[in-house]
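Colleague: Just one file: upload_3.cif, with mmCIF, C-alpha atoms.
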data_model
loop_
_atom_site.label_atom_id
_atom_site.label_comp_id
_atom_site.auth_asym_id
_atom_site.auth_seq_id
_atom_site.Cartn_x
_atom_site.Cartn_y
_atom_site.Cartn_z
CA MET G 10 93.72 144.64 -17.30
CA THR G 11 96.91 145.69 -19.07
CA VAL G 12 97.29 145.53 -22.83
CA LEU G 13 99.55 142.51 -22.25
CA ASP G 14 96.81 140.67 -20.34
CA ARG G 15 94.26 141.57 -23.01
CA LEU G 16 96.58 140.42 -25.79
CA ILE G 17 97.16 137.08 -24.04
CA ARG G 18 93.40 136.68 -23.50
CA ASP G 19 92.62 137.42 -27.16
CA LEU G 20 95.43 135.24 -28.51
CA ALA G 21 94.20 132.37 -26.33
CA ARG G 22 90.84 132.58 -28.14
CA LEU G 23 92.49 131.68 -31.46
CA PRO G 24 92.34 128.05 -32.59
CA GLY G 25 95.23 125.88 -31.41
CA LEU G 26 96.45 128.39 -28.83
CA GLY G 27 96.05 127.91 -25.08
CA LYS G 28 96.86 130.32 -22.29
CA LYS G 29 100.52 129.26 -22.12
CA SER G 30 101.23 129.44 -25.84
CA ALA G 31 99.38 132.79 -25.98
CA ALA G 32 101.60 134.14 -23.20
CA ARG G 33 104.69 132.85 -24.99
CA ILE G 34 103.68 134.67 -28.19
CA ALA G 35 102.84 137.88 -26.31
CA TYR G 36 106.23 137.96 -24.56
CA HIS G 37 107.90 137.18 -27.87
CA LEU G 38 106.14 140.21 -29.41
CA LEU G 39 107.30 142.36 -26.49
CA ALA G 40 110.87 141.50 -27.40
CA ALA G 41 110.32 141.75 -31.18
CA ASP G 42 110.85 144.76 -33.47
CA GLN G 43 108.17 147.43 -33.39
CA ALA G 44 108.08 147.18 -37.20
CA PHE G 45 107.20 143.49 -37.04
CA CYS G 46 104.42 144.21 -34.52
CA ASP G 47 103.09 147.06 -36.69
CA ASN G 48 103.04 144.86 -39.80
CA LEU G 49 101.28 142.07 -37.96
CA ALA G 50 98.74 144.52 -36.50
CA ASP G 51 98.05 146.02 -39.95
CA GLU G 52 97.59 142.59 -41.50
CA VAL G 53 95.14 141.52 -38.78
CA ALA G 54 93.18 144.79 -39.05
CA GLN G 55 93.00 144.88 -42.86
CA LEU G 56 92.43 141.17 -43.41
CA LYS G 57 88.65 141.13 -43.47
CA SER G 58 88.23 144.24 -45.61
CA ARG G 59 90.84 143.31 -48.22
CA ILE G 60 90.22 139.60 -48.60
CA ARG G 61 87.03 138.51 -50.36
CA PRO G 62 85.77 135.40 -52.14
CA CYS G 63 86.73 134.85 -55.78
CA THR G 64 83.64 135.40 -57.94
CA VAL G 65 84.29 132.12 -59.79
CA CYS G 66 85.41 129.55 -57.20
CA HIS G 67 84.77 131.36 -53.87
CA ASN G 68 88.38 130.90 -52.77
CA TYR G 69 89.59 133.80 -50.57
CA CYS G 70 91.66 136.31 -52.54
CA GLU G 71 92.38 140.02 -52.85
CA ALA G 72 91.21 140.48 -56.46
CA GLU G 73 87.93 139.85 -58.28
CA ILE G 74 89.23 136.48 -59.45
CA CYS G 75 91.68 134.31 -57.49
CA PRO G 76 95.17 133.46 -58.83
CA VAL G 77 94.17 129.83 -59.52
CA CYS G 78 91.12 130.77 -61.62
CA ALA G 79 93.11 133.51 -63.37
CA ASP G 80 95.96 131.15 -64.32
CA PRO G 81 95.46 129.96 -67.94
CA SER G 82 97.99 127.13 -67.47
CA ARG G 83 95.67 125.34 -65.02
CA ASP G 84 93.53 122.55 -66.48
CA GLN G 85 90.14 124.24 -66.99
CA GLY G 86 88.43 120.86 -67.39
CA LEU G 87 88.88 119.76 -63.76
CA ILE G 88 87.02 121.20 -60.76
CA CYS G 89 88.06 120.03 -57.30
CA VAL G 90 85.27 120.67 -54.75
CA VAL G 91 86.51 121.52 -51.23
CA GLU G 92 84.74 122.56 -48.05
CA GLN G 93 86.85 125.56 -47.18
CA SER G 94 89.36 127.95 -48.68
CA GLN G 95 92.12 126.64 -46.41
CA ASP G 96 91.80 123.19 -47.99
CA ILE G 97 93.09 124.75 -51.23
CA PHE G 98 96.11 126.01 -49.28
CA THR G 99 96.81 122.42 -48.16
CA MET G 100 96.25 120.97 -51.63
CA GLU G 101 98.40 123.53 -53.43
CA ALA G 102 101.22 122.60 -51.06
CA THR G 103 101.28 119.06 -52.53
CA GLY G 104 101.78 120.37 -56.07
CA GLU G 105 99.85 117.30 -57.30
CA TYR G 106 96.75 118.97 -58.68
CA LYS G 107 96.74 121.33 -61.66
CA GLY G 108 93.01 121.94 -62.18
CA LEU G 109 90.59 124.49 -60.74
CA TYR G 110 88.80 124.51 -57.39
CA HIS G 111 85.35 125.22 -56.03
CA VAL G 112 84.87 126.20 -52.40
CA LEU G 113 81.53 125.11 -50.91
CA ARG G 114 81.92 127.31 -47.79
CA GLY G 115 80.82 124.48 -45.51
CA VAL G 116 79.00 121.15 -45.68
CA LEU G 117 75.35 120.14 -45.52
CA SER G 118 74.44 119.89 -41.85
CA PRO G 119 70.72 119.94 -41.01
CA LEU G 120 71.49 120.13 -37.26
CA ASP G 121 73.31 123.43 -37.78
CA SER G 122 70.60 124.46 -40.29
CA VAL G 123 73.07 124.48 -43.18
CA GLY G 124 71.17 123.50 -46.34
CA PRO G 125 72.19 123.66 -50.03
CA GLU G 126 71.20 127.38 -50.15
CA GLN G 127 73.84 128.26 -47.54
CA LEU G 128 76.55 126.63 -49.66
CA THR G 129 77.79 127.46 -53.16
CA ILE G 130 76.30 124.28 -54.65
CA ALA G 131 74.11 126.06 -57.24
CA GLU G 132 77.17 127.91 -58.55
CA LEU G 133 79.08 124.61 -58.73
CA ILE G 134 76.32 122.94 -60.77
CA GLU G 135 76.32 125.90 -63.14
CA ARG G 136 80.12 125.78 -63.52
CA ALA G 137 80.09 122.00 -64.03
CA GLY G 138 77.51 122.33 -66.82
CA LYS G 139 79.74 124.58 -68.92
CA PRO G 140 81.41 123.06 -72.01
CA GLY G 141 84.96 121.81 -71.48
CA VAL G 142 84.46 120.60 -67.90
CA ARG G 143 85.45 116.92 -67.94
CA GLU G 144 85.48 116.01 -64.25
CA VAL G 145 84.30 117.20 -60.84
CA ILE G 146 86.47 115.81 -58.03
CA ILE G 147 84.73 115.73 -54.65
CA ALA G 148 87.32 116.52 -51.96
CA THR G 149 85.10 117.14 -48.94
CA ASN G 150 86.34 115.75 -45.63
CA PRO G 151 85.77 111.99 -45.15
CA THR G 152 83.15 112.64 -42.45
CA LEU G 153 79.42 111.97 -42.33
CA GLU G 154 78.62 115.55 -43.41
CA GLY G 155 81.36 115.62 -46.02
CA ASP G 156 80.23 112.33 -47.56
CA THR G 157 76.57 113.40 -47.54
CA THR G 158 77.43 116.65 -49.28
CA GLY G 159 79.48 114.74 -51.85
CA LEU G 160 76.60 112.35 -52.54
CA TYR G 161 74.16 115.26 -52.84
CA ILE G 162 76.38 116.96 -55.42
CA THR G 163 76.84 113.67 -57.30
CA LYS G 164 73.07 113.29 -57.52
CA LEU G 165 72.61 116.83 -58.83
CA LEU G 166 75.30 116.23 -61.44
CA SER G 167 73.92 112.85 -62.56
CA GLY G 168 72.46 114.43 -65.71
CA ALA G 169 75.57 116.44 -66.56
CA SER G 170 78.14 115.36 -69.12
CA CYS G 171 81.11 115.51 -66.73
CA ARG G 172 82.48 112.65 -64.62
CA VAL G 173 82.22 112.88 -60.82
CA SER G 174 84.93 111.32 -58.66
CA ARG G 175 85.99 111.36 -55.01
CA LEU G 176 89.44 111.46 -53.37
CA ALA G 177 90.60 107.92 -52.49
CA LEU G 178 90.05 106.74 -48.93
CA GLY G 179 92.52 104.32 -47.36
CA LEU G 180 95.61 103.97 -45.22
CA PRO G 181 97.62 107.17 -44.75
CA VAL G 182 101.10 106.91 -46.26
CA GLY G 183 103.65 106.18 -43.53
CA GLY G 184 100.83 105.11 -41.22
CA ASP G 185 100.74 102.01 -39.08
CA LEU G 186 98.12 99.24 -39.46
CA GLU G 187 98.08 98.81 -35.69
CA TYR G 188 96.88 102.36 -35.13
CA THR G 189 94.46 102.56 -38.06
CA ASP G 190 90.79 102.81 -37.13
CA LYS G 191 88.33 100.11 -38.19
CA LEU G 192 86.42 102.25 -40.69
CA THR G 193 89.55 103.32 -42.54
CA LEU G 194 90.81 99.73 -42.63
CA ALA G 195 87.45 98.50 -43.90
CA ARG G 196 87.52 101.17 -46.63
CA SER G 197 91.03 100.27 -47.70
CA PHE G 198 89.98 96.60 -48.03
CA ARG G 199 86.98 97.55 -50.11
CA ASN G 200 88.95 99.96 -52.31
CA ARG G 201 92.05 97.75 -52.59
CA THR G 202 94.06 98.35 -55.75
CA SER G 203 95.31 95.64 -58.04
CA LEU G 204 99.06 95.03 -58.10
CA SER G 205 99.18 92.43 -60.86
CA MET F 27 101.52 138.42 -51.96
CA THR F 28 98.06 139.05 -50.53
CA VAL F 29 97.52 140.33 -46.99
CA LEU F 30 96.36 136.79 -46.14
CA ASP F 31 99.68 135.30 -47.32
CA ARG F 32 101.62 137.95 -45.43
CA LEU F 33 99.62 137.35 -42.25
CA ILE F 34 100.24 133.60 -42.48
CA ARG F 35 103.96 134.21 -43.07
CA ASP F 36 104.23 136.59 -40.07
CA LEU F 37 102.16 134.38 -37.75
CA ALA F 38 104.38 131.41 -38.67
CA ARG F 39 107.36 133.40 -37.32
CA LEU F 40 105.87 133.43 -33.82
CA PRO F 41 107.08 130.83 -31.33
CA GLY F 42 105.11 127.57 -31.34
CA LEU F 43 103.34 128.29 -34.63
CA GLY F 44 104.13 126.51 -37.88
CA LYS F 45 102.78 127.19 -41.35
CA LYS F 46 99.68 125.07 -40.82
CA SER F 47 98.68 126.50 -37.45
CA ALA F 48 99.38 130.01 -38.78
CA ALA F 49 97.03 129.34 -41.70
CA ARG F 50 94.40 127.98 -39.34
CA ILE F 51 94.55 131.15 -37.24
CA ALA F 52 94.47 133.42 -40.31
CA TYR F 53 91.35 131.72 -41.69
CA HIS F 54 89.79 131.87 -38.24
CA LEU F 55 90.40 135.64 -38.19
CA LEU F 56 88.82 135.94 -41.66
CA ALA F 57 85.64 134.45 -40.22
CA ALA F 58 85.84 136.37 -36.92
CA ASP F 59 84.23 139.71 -36.01
CA GLN F 60 85.92 142.83 -37.36
CA ALA F 61 85.83 144.18 -33.78
CA PHE F 62 87.85 141.22 -32.51
CA CYS F 63 90.42 141.69 -35.30
CA ASP F 64 90.64 145.43 -34.56
CA ASN F 65 91.17 144.80 -30.84
CA LEU F 66 93.83 142.22 -31.51
CA ALA F 67 95.56 144.53 -34.00
CA ASP F 68 95.52 147.43 -31.51
CA GLU F 69 96.92 145.25 -28.75
CA VAL F 70 99.76 144.02 -30.95
CA ALA F 71 100.56 147.54 -32.17
CA GLN F 72 100.43 149.21 -28.74
CA LEU F 73 102.11 146.44 -26.78
CA LYS F 74 105.69 147.62 -26.92
CA SER F 75 104.95 151.29 -26.28
CA ARG F 76 102.57 150.72 -23.36
CA ILE F 77 104.29 147.89 -21.52
CA ARG F 78 107.51 148.66 -19.65
CA PRO F 79 109.52 147.14 -16.81
CA CYS F 80 108.45 147.83 -13.21
CA THR F 81 111.00 150.16 -11.63
CA VAL F 82 111.23 147.90 -8.56
CA CYS F 83 111.21 144.29 -9.80
CA HIS F 84 111.54 144.69 -13.62
CA ASN F 85 108.36 142.71 -14.24
CA TYR F 86 106.52 143.91 -17.37
CA CYS F 87 103.61 146.19 -16.51
CA GLU F 88 101.74 149.28 -17.70
CA ALA F 89 102.40 151.51 -14.70
CA GLU F 90 105.54 152.74 -12.95
CA ILE F 91 105.26 149.90 -10.43
CA CYS F 92 103.78 146.48 -11.20
CA PRO F 93 100.64 145.19 -9.44
CA VAL F 94 102.64 142.67 -7.37
CA CYS F 95 105.05 145.30 -6.00
CA ALA F 96 102.15 147.71 -5.43
CA ASP F 97 100.12 145.17 -3.45
CA PRO F 98 100.63 145.78 0.31
CA SER F 99 99.14 142.36 1.16
CA ARG F 100 102.11 140.55 -0.44
CA ASP F 101 104.89 139.43 1.91
CA GLN F 102 107.51 142.19 1.52
CA GLY F 103 110.15 140.00 3.19
CA LEU F 104 110.39 137.44 0.36
CA ILE F 105 111.97 138.05 -3.04
CA CYS F 106 111.67 135.33 -5.67
CA VAL F 107 114.32 135.72 -8.39
CA VAL F 108 113.21 134.65 -11.87
CA GLU F 109 114.85 134.82 -15.28
CA GLN F 110 111.99 136.37 -17.22
CA SER F 111 108.75 138.21 -16.71
CA GLN F 112 106.73 135.30 -18.10
CA ASP F 113 107.99 133.08 -15.25
CA ILE F 114 105.99 135.31 -12.89
CA PHE F 115 102.91 134.63 -15.01
CA THR F 116 103.46 130.88 -14.53
CA MET F 117 104.14 131.21 -10.79
CA GLU F 118 101.15 133.43 -10.10
CA ALA F 119 98.97 130.76 -11.74
CA THR F 120 99.90 128.31 -8.94
CA GLY F 121 98.70 130.71 -6.23
CA GLU F 122 101.37 129.19 -3.96
CA TYR F 123 103.66 132.17 -3.54
CA LYS F 124 102.66 135.41 -1.80
CA GLY F 125 105.94 137.35 -1.76
CA LEU F 126 107.58 139.71 -4.24
CA TYR F 127 109.57 138.97 -7.39
CA HIS F 128 112.73 140.13 -9.08
CA VAL F 129 113.19 139.65 -12.83
CA LEU F 130 116.83 139.18 -13.88
CA ARG F 131 116.04 139.68 -17.59
CA GLY F 132 118.19 136.71 -18.56
CA VAL F 133 120.94 134.51 -17.13
CA LEU F 134 124.72 134.73 -17.04
CA SER F 135 125.97 133.35 -20.33
CA PRO F 136 129.55 134.25 -21.29
CA LEU F 137 129.11 132.63 -24.74
CA ASP F 138 126.30 135.10 -25.55
CA SER F 139 128.32 137.86 -23.82
CA VAL F 140 125.72 138.24 -21.06
CA GLY F 141 127.54 139.29 -17.89
CA PRO F 142 126.19 140.58 -14.55
CA GLU F 143 125.97 144.12 -16.02
CA GLN F 144 123.43 142.98 -18.63
CA LEU F 145 121.18 141.59 -15.89
CA THR F 146 119.43 143.33 -12.98
CA ILE F 147 121.71 141.67 -10.39
CA ALA F 148 123.00 144.94 -8.87
CA GLU F 149 119.39 146.07 -8.29
CA LEU F 150 118.61 142.72 -6.67
CA ILE F 151 121.53 142.98 -4.26
CA GLU F 152 120.41 146.49 -3.33
CA ARG F 153 116.81 145.30 -2.74
CA ALA F 154 117.98 142.28 -0.70
CA GLY F 155 120.08 144.53 1.55
CA LYS F 156 117.05 146.59 2.65
CA PRO F 157 115.67 146.01 6.15
CA GLY F 158 112.76 143.57 6.36
CA VAL F 159 113.93 141.26 3.58
CA ARG F 160 114.16 137.78 5.18
CA GLU F 161 114.73 135.53 2.19
CA VAL F 162 115.78 135.53 -1.44
CA ILE F 163 114.42 132.51 -3.33
CA ILE F 164 116.39 131.64 -6.46
CA ALA F 165 113.94 130.41 -9.10
CA THR F 166 116.11 130.42 -12.20
CA ASN F 167 115.67 127.50 -14.59
CA PRO F 168 117.43 124.27 -13.52
CA THR F 169 119.94 124.57 -16.37
CA LEU F 170 123.70 125.15 -16.37
CA GLU F 171 123.25 128.90 -16.91
CA GLY F 172 120.40 129.15 -14.41
CA ASP F 173 122.37 127.32 -11.72
CA THR F 174 125.48 129.39 -12.36
CA THR F 175 123.50 132.60 -12.08
CA GLY F 176 121.94 131.36 -8.85
CA LEU F 177 125.35 130.52 -7.36
CA TYR F 178 126.71 133.90 -8.43
CA ILE F 179 123.85 135.70 -6.65
CA THR F 180 124.26 133.49 -3.56
CA LYS F 181 127.95 134.46 -3.39
CA LEU F 182 127.13 138.18 -3.69
CA LEU F 183 124.54 137.84 -0.92
CA SER F 184 126.80 135.86 1.44
CA GLY F 185 127.42 138.97 3.56
CA ALA F 186 123.74 140.01 3.66
CA SER F 187 121.43 139.28 6.56
CA CYS F 188 118.79 137.48 4.46
CA ARG F 189 118.59 133.75 3.78
CA VAL F 190 119.10 132.50 0.22
CA SER F 191 117.21 129.43 -0.97
CA ARG F 192 116.52 127.64 -4.26
CA LEU F 193 113.39 125.97 -5.62
CA ALA F 194 113.47 122.20 -4.93
CA LEU F 195 114.70 119.92 -7.71
CA GLY F 196 113.26 116.42 -8.02
CA LEU F 197 110.64 114.26 -9.66
CA PRO F 198 107.79 116.15 -11.29
CA VAL F 199 104.42 115.45 -9.66
CA GLY F 200 102.49 112.91 -11.72
CA GLY F 201 105.73 111.94 -13.49
CA ASP F 202 106.96 108.44 -14.15
CA LEU F 203 110.24 107.07 -12.77
CA GLU F 204 110.77 105.17 -16.01
CA TYR F 205 110.84 108.37 -18.06
CA THR F 206 112.80 110.51 -15.61
CA ASP F 207 116.27 111.51 -16.76
CA LYS F 208 119.36 110.43 -14.81
CA LEU F 209 120.27 113.89 -13.51
CA THR F 210 116.81 114.55 -12.09
CA LEU F 211 116.71 111.11 -10.49
CA ALA F 212 120.18 111.65 -8.96
CA ARG F 213 119.03 115.02 -7.60
CA SER F 214 115.89 113.55 -6.08
CA PHE F 215 118.00 110.89 -4.32
CA ARG F 216 120.37 113.52 -2.96
CA ASN F 217 117.54 115.83 -1.84
CA ARG F 218 115.28 113.05 -0.53
CA THR F 219 112.91 114.20 2.18
CA SER F 220 112.37 112.40 5.46
CA LEU F 221 108.99 110.72 5.97
CA SER F 222 109.44 109.59 9.57
#
Would you mind writing the file out in structure tokens?

Modeller:
Amino acid sequence: MTVLDRLIRDLARLPGLGKKSAARIAYHLLAADQAFCDNLADEVAQLKSRIRPCTVCHNYCEAEICPVCADPSRDQGLICVVEQSQDIFTMEATGEYKGLYHVLRGVLSPLDSVGPEQLTIAELIERAGKPGVREVIIATNPTLEGDTTGLYITKLLSGASCRVSRLALGLPVGGDLEYTDKLTLARSFRNRTSLS
Amino acid sequence: MTVLDRLIRDLARLPGLGKKSAARIAYHLLAADQAFCDNLADEVAQLKSRIRPCTVCHNYCEAEICPVCADPSRDQGLICVVEQSQDIFTMEATGEYKGLYHVLRGVLSPLDSVGPEQLTIAELIERAGKPGVREVIIATNPTLEGDTTGLYITKLLSGASCRVSRLALGLPVGGDLEYTDKLTLARSFRNRTSLS
């Protein structure tokens, strides 16, 4: 097996890449600058040793504390709870949210033997109990596991002084009623907002 | 910029990957084995120095001569002419063709100042003139440049003893007449095959 074959095989193991797209990338790299290839190789090799979870919110970062937690201009009274670090990436892209985050590192899933101890739920409860925290926003995925995890956290926080909320469920903006699934449509009826 | 940000930026420069898919791959690598990351990094870094064109057919390989050219069981009388090395990858996947290849390394394109000298056309003509070569199969892309390059090669080979053919143009298998473009449909009328 040549290094080209091995590269195509390994690239095809990455999420979202099949054999054809892996081959396309490999041939692109063959034609690219050596400097670009070297940079990419260094980044892949160093990634795991240089990136670690933020000690406050468990977001992936290079320092002890991630840039969001270290930024004093962020609203310290809001904690948005997400499943994974990459959800923060998606949320930051909207520019809508100016509070802090908390990464659970997964969702409760008894079938995969993921219980509360495997997640960062205890740390979240501790953070939420600190003075100044006004609201915990549950932003887990709208799936069975995500909802269950959200409800579990809500229950644990029932005695705390902060509010607990959840991201709105409903029709996606620009979506089409015809192609909306029944559950989403039912939710958007139930959670309909008043216009008058 | 953290190494994670830089990796996402560099991955997003690869063909077929956007910012979101690049992020997905980067976070996947963060959760993957260090050994897998190291292998991938080595492959990317070594690719350009270890892979070089076959001295016979210009296919990318690790040795002096590529596995196809080195395989005595392949039909030495057939030469399939392709634009790029990755086309061989696609063709070998069909298992249909058992002859040799010749990689042009591009197509004639005066606008991009690609003339016959920039391609491996002279080497092809020399190979086609050797005894034992029965047929040259033009398998350039069915585009203006691909067709022009094919016609140019056909003209150069008009004095040679070998046949020159071209891959059939027509409806794609499993395709739909309704969604077939006019040019393809016109071609498949012109090249219709007899059933009786």

Colleague: Per residue of chain G within 10 Å of chain F, record the nearest atom pair and its distance in Å to one decimal, counting only C-alpha atoms, with rows in chain order and ascending residue number, as JSON lines.

Modeller:
{"residue": "G:Met10", "atom": "CA", "partner": "F:Glu88", "partner_atom": "CA", "distance": 9.3}
{"residue": "G:Thr11", "atom": "CA", "partner": "F:Glu88", "partner_atom": "CA", "distance": 6.2}
{"residue": "G:Val12", "atom": "CA", "partner": "F:Glu69", "partner_atom": "CA", "distance": 5.9}
{"residue": "G:Leu13", "atom": "CA", "partner": "F:Leu73", "partner_atom": "CA", "distance": 6.5}
{"residue": "G:Asp14", "atom": "CA", "partner": "F:Cys87", "partner_atom": "CA", "distance": 9.6}
{"residue": "G:Arg15", "atom": "CA", "partner": "F:Glu69", "partner_atom": "CA", "distance": 7.3}
{"residue": "G:Leu16", "atom": "CA", "partner": "F:Glu69", "partner_atom": "CA", "distance": 5.7}
{"residue": "G:Ile17", "atom": "CA", "partner": "F:Glu69", "partner_atom": "CA", "distance": 9.4}
{"residue": "G:Arg18", "atom": "CA", "partner": "F:Leu66", "partner_atom": "CA", "distance": 9.7}
{"residue": "G:Asp19", "atom": "CA", "partner": "F:Leu66", "partner_atom": "CA", "distance": 6.6}
{"residue": "G:Leu20", "atom": "CA", "partner": "F:Leu66", "partner_atom": "CA", "distance": 7.8}
{"residue": "G:Arg22", "atom": "CA", "partner": "F:Ile51", "partner_atom": "CA", "distance": 9.9}
{"residue": "G:Leu23", "atom": "CA", "partner": "F:Ile51", "partner_atom": "CA", "distance": 6.2}
{"residue": "G:Pro24", "atom": "CA", "partner": "F:Ile51", "partner_atom": "CA", "distance": 6.0}
{"residue": "G:Gly25", "atom": "CA", "partner": "F:Ser47", "partner_atom": "CA", "distance": 7.0}
{"residue": "G:Leu26", "atom": "CA", "partner": "F:Leu43", "partner_atom": "CA", "distance": 9.0}
{"residue": "G:Lys29", "atom": "CA", "partner": "F:Thr116", "partner_atom": "CA", "distance": 8.3}
{"residue": "G:Ser30", "atom": "CA", "partner": "F:Gly42", "partner_atom": "CA", "distance": 7.0}
{"residue": "G:Ala31", "atom": "CA", "partner": "F:Gly42", "partner_atom": "CA", "distance": 9.4}
{"residue": "G:Ala32", "atom": "CA", "partner": "F:Gln112", "partner_atom": "CA", "distance": 7.3}
{"residue": "G:Arg33", "atom": "CA", "partner": "F:Pro41", "partner_atom": "CA", "distance": 7.1}
{"residue": "G:Ile34", "atom": "CA", "partner": "F:Pro41", "partner_atom": "CA", "distance": 6.0}
{"residue": "G:Ala35", "atom": "CA", "partner": "F:Val70", "partner_atom": "CA", "distance": 8.3}
{"residue": "G:Tyr36", "atom": "CA", "partner": "F:Gln112", "partner_atom": "CA", "distance": 7.0}
{"residue": "G:His37", "atom": "CA", "partner": "F:Pro41", "partner_atom": "CA", "distance": 7.3}
{"residue": "G:Leu38", "atom": "CA", "partner": "F:Val70", "partner_atom": "CA", "distance": 7.6}
{"residue": "G:Leu39", "atom": "CA", "partner": "F:Lys74", "partner_atom": "CA", "distance": 5.5}
{"residue": "G:Ala40", "atom": "CA", "partner": "F:Lys74", "partner_atom": "CA", "distance": 8.0}
{"residue": "G:Ala41", "atom": "CA", "partner": "F:Lys74", "partner_atom": "CA", "distance": 8.6}
{"residue": "G:Asp42", "atom": "CA", "partner": "F:Lys74", "partner_atom": "CA", "distance": 8.8}
{"residue": "G:Gln43", "atom": "CA", "partner": "F:Lys74", "partner_atom": "CA", "distance": 6.9}
{"residue": "G:Ala44", "atom": "CA", "partner": "F:Ala71", "partner_atom": "CA", "distance": 9.1}
{"residue": "G:Phe45", "atom": "CA", "partner": "F:Asp36", "partner_atom": "CA", "distance": 8.1}
{"residue": "G:Cys46", "atom": "CA", "partner": "F:Ala71", "partner_atom": "CA", "distance": 5.6}
{"residue": "G:Asp47", "atom": "CA", "partner": "F:Ala71", "partner_atom": "CA", "distance": 5.2}
{"residue": "G:Asn48", "atom": "CA", "partner": "F:Asp36", "partner_atom": "CA", "distance": 8.4}
{"residue": "G:Leu49", "atom": "CA", "partner": "F:Asp36", "partner_atom": "CA", "distance": 6.6}
{"residue": "G:Ala50", "atom": "CA", "partner": "F:Ala67", "partner_atom": "CA", "distance": 4.0}
{"residue": "G:Asp51", "atom": "CA", "partner": "F:Ala67", "partner_atom": "CA", "distance": 6.6}
{"residue": "G:Glu52", "atom": "CA", "partner": "F:Leu33", "partner_atom": "CA", "distance": 5.7}
{"residue": "G:Val53", "atom": "CA", "partner": "F:Ala67", "partner_atom": "CA", "distance": 5.7}
{"residue": "G:Ala54", "atom": "CA", "partner": "F:Asp64", "partner_atom": "CA", "distance": 5.2}
{"residue": "G:Gln55", "atom": "CA", "partner": "F:Val29", "partner_atom": "CA", "distance": 7.6}
{"residue": "G:Leu56", "atom": "CA", "partner": "F:Val29", "partner_atom": "CA", "distance": 6.3}
{"residue": "G:Lys57", "atom": "CA", "partner": "F:Leu56", "partner_atom": "CA", "distance": 5.5}
{"residue": "G:Ser58", "atom": "CA", "partner": "F:Gln60", "partner_atom": "CA", "distance": 8.7}
{"residue": "G:Arg59", "atom": "CA", "partner": "F:Val29", "partner_atom": "CA", "distance": 7.4}
{"residue": "G:Ile60", "atom": "CA", "partner": "F:Leu30", "partner_atom": "CA", "distance": 7.2}
{"residue": "G:Arg61", "atom": "CA", "partner": "F:Leu56", "partner_atom": "CA", "distance": 9.2}
{"residue": "G:Tyr69", "atom": "CA", "partner": "F:Leu30", "partner_atom": "CA", "distance": 8.6}
{"residue": "G:Cys70", "atom": "CA", "partner": "F:Thr28", "partner_atom": "CA", "distance": 7.2}
{"residue": "G:Glu71", "atom": "CA", "partner": "F:Thr28", "partner_atom": "CA", "distance": 6.2}
{"residue": "G:Ala72", "atom": "CA", "partner": "F:Thr28", "partner_atom": "CA", "distance": 9.2}
{"residue": "G:Gln93", "atom": "CA", "partner": "F:Tyr53", "partner_atom": "CA", "distance": 9.4}
{"residue": "G:Ser94", "atom": "CA", "partner": "F:Tyr53", "partner_atom": "CA", "distance": 8.2}
{"residue": "G:Gln95", "atom": "CA", "partner": "F:Tyr53", "partner_atom": "CA", "distance": 7.0}
{"residue": "G:Phe98", "atom": "CA", "partner": "F:Ala49", "partner_atom": "CA", "distance": 8.3}
{"residue": "G:Thr99", "atom": "CA", "partner": "F:Lys46", "partner_atom": "CA", "distance": 8.3}

Colleague: So how far away is CA of Asn167 (chain F) from CA of Asp207 (chain F), in Å?

Modeller: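 Distance between the two atoms: 16.1 Å.
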
Colleague: Near Gly138 (chain G), within 12 Å and counting all atoms listed in the file, which residues show up once chain neighbours fewer than 2 positions away are dropped, as a ChimeraX atom specification?

Modeller: /G:86,88,131-136,140-145,165-172

Colleague: Applying 12 Å and only C-alpha atoms, which residues near Glu90 (chain F) remain after dropping the ones on its own chain fewer than 6 positions away? List them as a ChimeraX atom specification.

Modeller: /F:76-84,96

Colleague: Please provide as a PDB file with C-alpha atoms, in the coordinates of the input all residues within 12 Å of Met117 (chain F), with the sequence filter that same-chain residues fewer than 2 positions apart are discarded (counting all atoms listed in the file).

Modeller:
ATOM      1  CA  CYS F 106     111.670 135.330  -5.670  1.00  0.00           C
ATOM      2  CA  VAL F 107     114.320 135.720  -8.390  1.00  0.00           C
ATOM      3  CA  VAL F 108     113.210 134.650 -11.870  1.00  0.00           C
ATOM      4  CA  GLN F 110     111.990 136.370 -17.220  1.00  0.00           C
ATOM      5  CA  SER F 111     108.750 138.210 -16.710  1.00  0.00           C
ATOM      6  CA  GLN F 112     106.730 135.300 -18.100  1.00  0.00           C
ATOM      7  CA  ASP F 113     107.990 133.080 -15.250  1.00  0.00           C
ATOM      8  CA  ILE F 114     105.990 135.310 -12.890  1.00  0.00           C
ATOM      9  CA  PHE F 115     102.910 134.630 -15.010  1.00  0.00           C
ATOM     10  CA  ALA F 119      98.970 130.760 -11.740  1.00  0.00           C
ATOM     11  CA  THR F 120      99.900 128.310  -8.940  1.00  0.00           C
ATOM     12  CA  GLY F 121      98.700 130.710  -6.230  1.00  0.00           C
ATOM     13  CA  GLU F 122     101.370 129.190  -3.960  1.00  0.00           C
ATOM     14  CA  TYR F 123     103.660 132.170  -3.540  1.00  0.00           C
ATOM     15  CA  LYS F 124     102.660 135.410  -1.800  1.00  0.00           C
ATOM     16  CA  GLY F 125     105.940 137.350  -1.760  1.00  0.00           C
ATOM     17  CA  LEU F 126     107.580 139.710  -4.240  1.00  0.00           C
ATOM     18  CA  TYR F 127     109.570 138.970  -7.390  1.00  0.00           C
ATOM     19  CA  ALA F 165     113.940 130.410  -9.100  1.00  0.00           C
ATOM     20  CA  LEU F 193     113.390 125.970  -5.620  1.00  0.00           C
TER      21      LEU F 193
END
